[in-house]
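Scroll down for the structure; my scribbles are underneath it.
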Amino acid sequence: MQEYLLSKAEEKVMIFLWEQDRPLSVLEMLEAWENVGGKSWTDNYMRAIVRSLEDKGALEFHDLDHRGSRYARRFRPTFSKREYFTYLAKRSGVKVSEMVEVEAVAMAQKGDREGMQALIHELEAIIEEYRTRGEDAR
Amino acid sequence: MNVTIFSFAMSVLFSVLFIAAIHLLRNRPFFLRSFGVHTLLLLYALCFFRTVFVLELPFTAPVGLRSFYSRVYEAACTRIPVGDARVALWGILCGVWMAVSVVLLVQFLWNNIQVGRKLARFAPNRNAFADQVLERVKKESLRAPAVDVCICPSLNMPMGAGLLRKRIYLPAGDYTREEMYYILKHEYTHFCNRDLTVKFLVRLFCCVFWWNPAVHLLKRDVAQILEIKCDVKATQFFCKKERLAYLLAIVRVLKDRVILDCEPSEILATGLVFQQKKGMDVRERFELITQAALPVGWVGQTSFWAMAVAVFVFSYSFVFQSAFDPPMEDIYTDSSVGNYAIDGAYIVKDKNGKYSLILESGETISDLKSSALEILISEGFEIREE
């Protein structure tokens with residue numbers, strides 16, 4: 001995946017397109033944007049963002065929207081939401097070690113692979129013992 | 001009530017003793033199963049109080065210690081030249097303490113802000129399925145803090161973070177509805193219990209008392225106690241089948257950690273160090289979830305708390321102080337003290353400026369010391385010039 005450095009507004013539009021899951025023209029975007037209760041953007045502002053996204057290669061032409069005598073280009077994202085956030089994670093994503101350093105709460109703590117495998121076996125044995133235990137007090 | 005260097009030393013001494021004692025209690029599975037995690041957390045609160053409130057109360061009795069303690073005190077009071085001034089050693093040590101504390105606090109808060117900023121980038125990465133499950137968890141909870149859930153692909157285990165903007169961060173794995181429910185239930189319970197706030201305060205406490213090794217032991221213990229408390233709270237209304245599913249969800253998270261760590265990622269580059277204690281921590285949690293509690297009766301609880309409060313009050317009842325012998329000239333014995341009838345007595349100042357006490361009987365006590373003269377003048381004795 002090539003580098004996509006998106007501004008917050010661009011990211012917002014991309015997330016909106018991923019959620020819509022269909023190619024949209026700028027006009028359709030504005031209509032759908034209002035339908036989902038988003039903050040209304042002007043036609044020009046939305047066009048500028050879409051143009052910028054197209055320049056960055058984040059959007060590509062899909063087909064034409066025919067309305068009366070006017071035609072508008074429909075766009076679709078060139079990468080998925082998952083790909084984008086995975087890229088973001090690789091580029092500047094936070095690491096587990098950092099999360100543990102600051103205050104975070106996790107279901108399981110850190111450990112190495114061999115130690116973790118042994119621990120998993122032990123925990124599975126505890127679960128199995130619990131499963132086969134007769135009483136239902138716990 | 002006052003704060004002295006001795007009351008401070010007592011606070012350090014007792015906080016170390018208390019933390020070590022609580023650590024020993026906390027390592028007894030029987031204690032946790034009988035008294036529960038709340039008892040431990042209250043004991044930690046007492047400990048915190050003892051460390052922070054370094055007061056000498058009206059009933060505090062001084063206990064003099066010679067030899068080592070006195071020598072340490074003397075060394076602490078030694079004045080060291082710093083530029084033009086001479087500063088006591090304890091003053092310099094306090095300065096170092098403050099400076100390091102400030103550096104650690106700034107570093108800790110800065111790291112929090114930085115990681116918070118990085119995490120905020122993933123806030124829009126919502127997952128409809130996770131949102132749906134979180135709604136179910138929220139409905140079941142009595143307290144309902146506003147928490148969002150989002151996907152952070154660089155993580156390899158679910159985590160909750162954020163003191164103000166609370167968010168649960170999930171790795172990019174695919175969880176079943178049941179697994180997702182138990183993972184979110186666990187993380188959401190942390191927010192309901194305000195565990196992050198407690199951890200944050202403990203970290204601040206560690207930054208301030210960085211030189212006290214017991215405080216770092218307390219930090220680790222509190223983290224584990226909060227996990228146990230969260231497990232207990234999350235599973236309190238679960239049947240056996242649900243408990244099993246909850247435990248399996250934790251195992252699934254651990255398995256994902258192993259798989260995700262195999263991938264060449266930045267996380268692997270950080271070189272995670274295995275700590276045996278961590279494995280024991282998870283095992284301990286599993287055992288506490290699967291074993292029935294052994295609650296003690298009110299007699300046991302009352303006795304325990306009476307003892308704990310007695311020890312706490314006892315810690316304020318005395319203070320060790322350095323003991324020194326007074327100078328020989330300040331020691332008065334029977335041979336150096338005499339009784340005189342002072343009715344009709346007066347003071348005479350001679351030509352040399354020396355003072356004498358003339359008694360009614362005509363007896364003269366010449367060359368009065370200034371301290372004795374001050375007392376006689378304050379008693380209203382007449383002064384006559386010779």
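Letters A, B, ... go to the chains of the structure tokens in the order shown; residues in each chain start at 1; ligands are counted from 1 in the same order.
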Quick one: residues within 10 Å of Trp97 in chain B, only C-alpha atoms counted, chain neighbours fewer than 3 positions away excluded, as a ChimeraX atom specification? /B:91-94,100-102,208-211
Write a file of the just-selected residues containing N, CA and C atoms, as a PDB file, in the first residue's frame.
ATOM      1  N   GLY B  91      18.461  19.395  53.326  1.00  0.00           N
ATOM      2  CA  GLY B  91      17.880  20.381  52.411  1.00  0.00           C
ATOM      3  C   GLY B  91      18.259  20.056  50.973  1.00  0.00           C
ATOM      4  N   ILE B  92      19.524  19.670  50.789  1.00  0.00           N
ATOM      5  CA  ILE B  92      19.987  19.314  49.435  1.00  0.00           C
ATOM      6  C   ILE B  92      19.253  18.057  48.959  1.00  0.00           C
ATOM      7  N   LEU B  93      19.115  17.083  49.866  1.00  0.00           N
ATOM      8  CA  LEU B  93      18.415  15.835  49.502  1.00  0.00           C
ATOM      9  C   LEU B  93      16.963  16.111  49.121  1.00  0.00           C
ATOM     10  N   CYS B  94      16.333  17.022  49.873  1.00  0.00           N
ATOM     11  CA  CYS B  94      14.938  17.393  49.537  1.00  0.00           C
ATOM     12  C   CYS B  94      14.879  18.031  48.153  1.00  0.00           C
ATOM     13  N   VAL B 100      13.825  15.404  40.913  1.00  0.00           N
ATOM     14  CA  VAL B 100      13.586  14.127  40.229  1.00  0.00           C
ATOM     15  C   VAL B 100      12.077  13.865  40.109  1.00  0.00           C
ATOM     16  N   SER B 101      11.335  14.197  41.162  1.00  0.00           N
ATOM     17  CA  SER B 101       9.871  13.994  41.119  1.00  0.00           C
ATOM     18  C   SER B 101       9.249  14.788  39.978  1.00  0.00           C
ATOM     19  N   VAL B 102       9.674  16.033  39.858  1.00  0.00           N
ATOM     20  CA  VAL B 102       9.115  16.884  38.801  1.00  0.00           C
ATOM     21  C   VAL B 102       9.452  16.288  37.427  1.00  0.00           C
ATOM     22  N   VAL B 208       6.280  10.633  42.800  1.00  0.00           N
ATOM     23  CA  VAL B 208       6.668  11.495  43.932  1.00  0.00           C
ATOM     24  C   VAL B 208       7.590  10.734  44.883  1.00  0.00           C
ATOM     25  N   PHE B 209       7.208   9.490  45.208  1.00  0.00           N
ATOM     26  CA  PHE B 209       8.016   8.706  46.163  1.00  0.00           C
ATOM     27  C   PHE B 209       8.892   7.698  45.398  1.00  0.00           C
ATOM     28  N   TRP B 210       9.582   8.176  44.386  1.00  0.00           N
ATOM     29  CA  TRP B 210      10.377   7.321  43.503  1.00  0.00           C
ATOM     30  C   TRP B 210      11.501   6.615  44.241  1.00  0.00           C
ATOM     31  N   TRP B 211      11.981   7.180  45.330  1.00  0.00           N
ATOM     32  CA  TRP B 211      13.122   6.613  46.040  1.00  0.00           C
ATOM     33  C   TRP B 211      12.706   5.490  46.981  1.00  0.00           C
TER      34      TRP B 211
END
Which of range 4-77 of chain A DSSP labels helix (DSSP H, G or I), written as a ChimeraX atom specification: /A:8-20,26-35,43-55
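Within 12 Å of Ala48 in chain A, once only C-alpha atoms are used and residues closer than 4 positions along the same chain are dropped, the contacting residues are Ala9, Glu10, Val13, Val26, Trp41, Thr42, Asp43, Asn44, Ser52, Leu53, Glu54 and Asp55 of chain A.
Of the listed residues B:Leu134, B:Leu46, B:Val16, B:Ile358, the one whose atoms come nearest to Ala310 in chain B is B:Leu46, with distances taken using only C-alpha atoms.
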Test item: residues at most 9 Å from Tyr181 in chain B, only C-alpha atoms, excluding those fewer than 2 positions along its chain, as a VMD selection string: chain B and resid 130 133 to 134 136 to 137 176 to 179 183 to 186 246
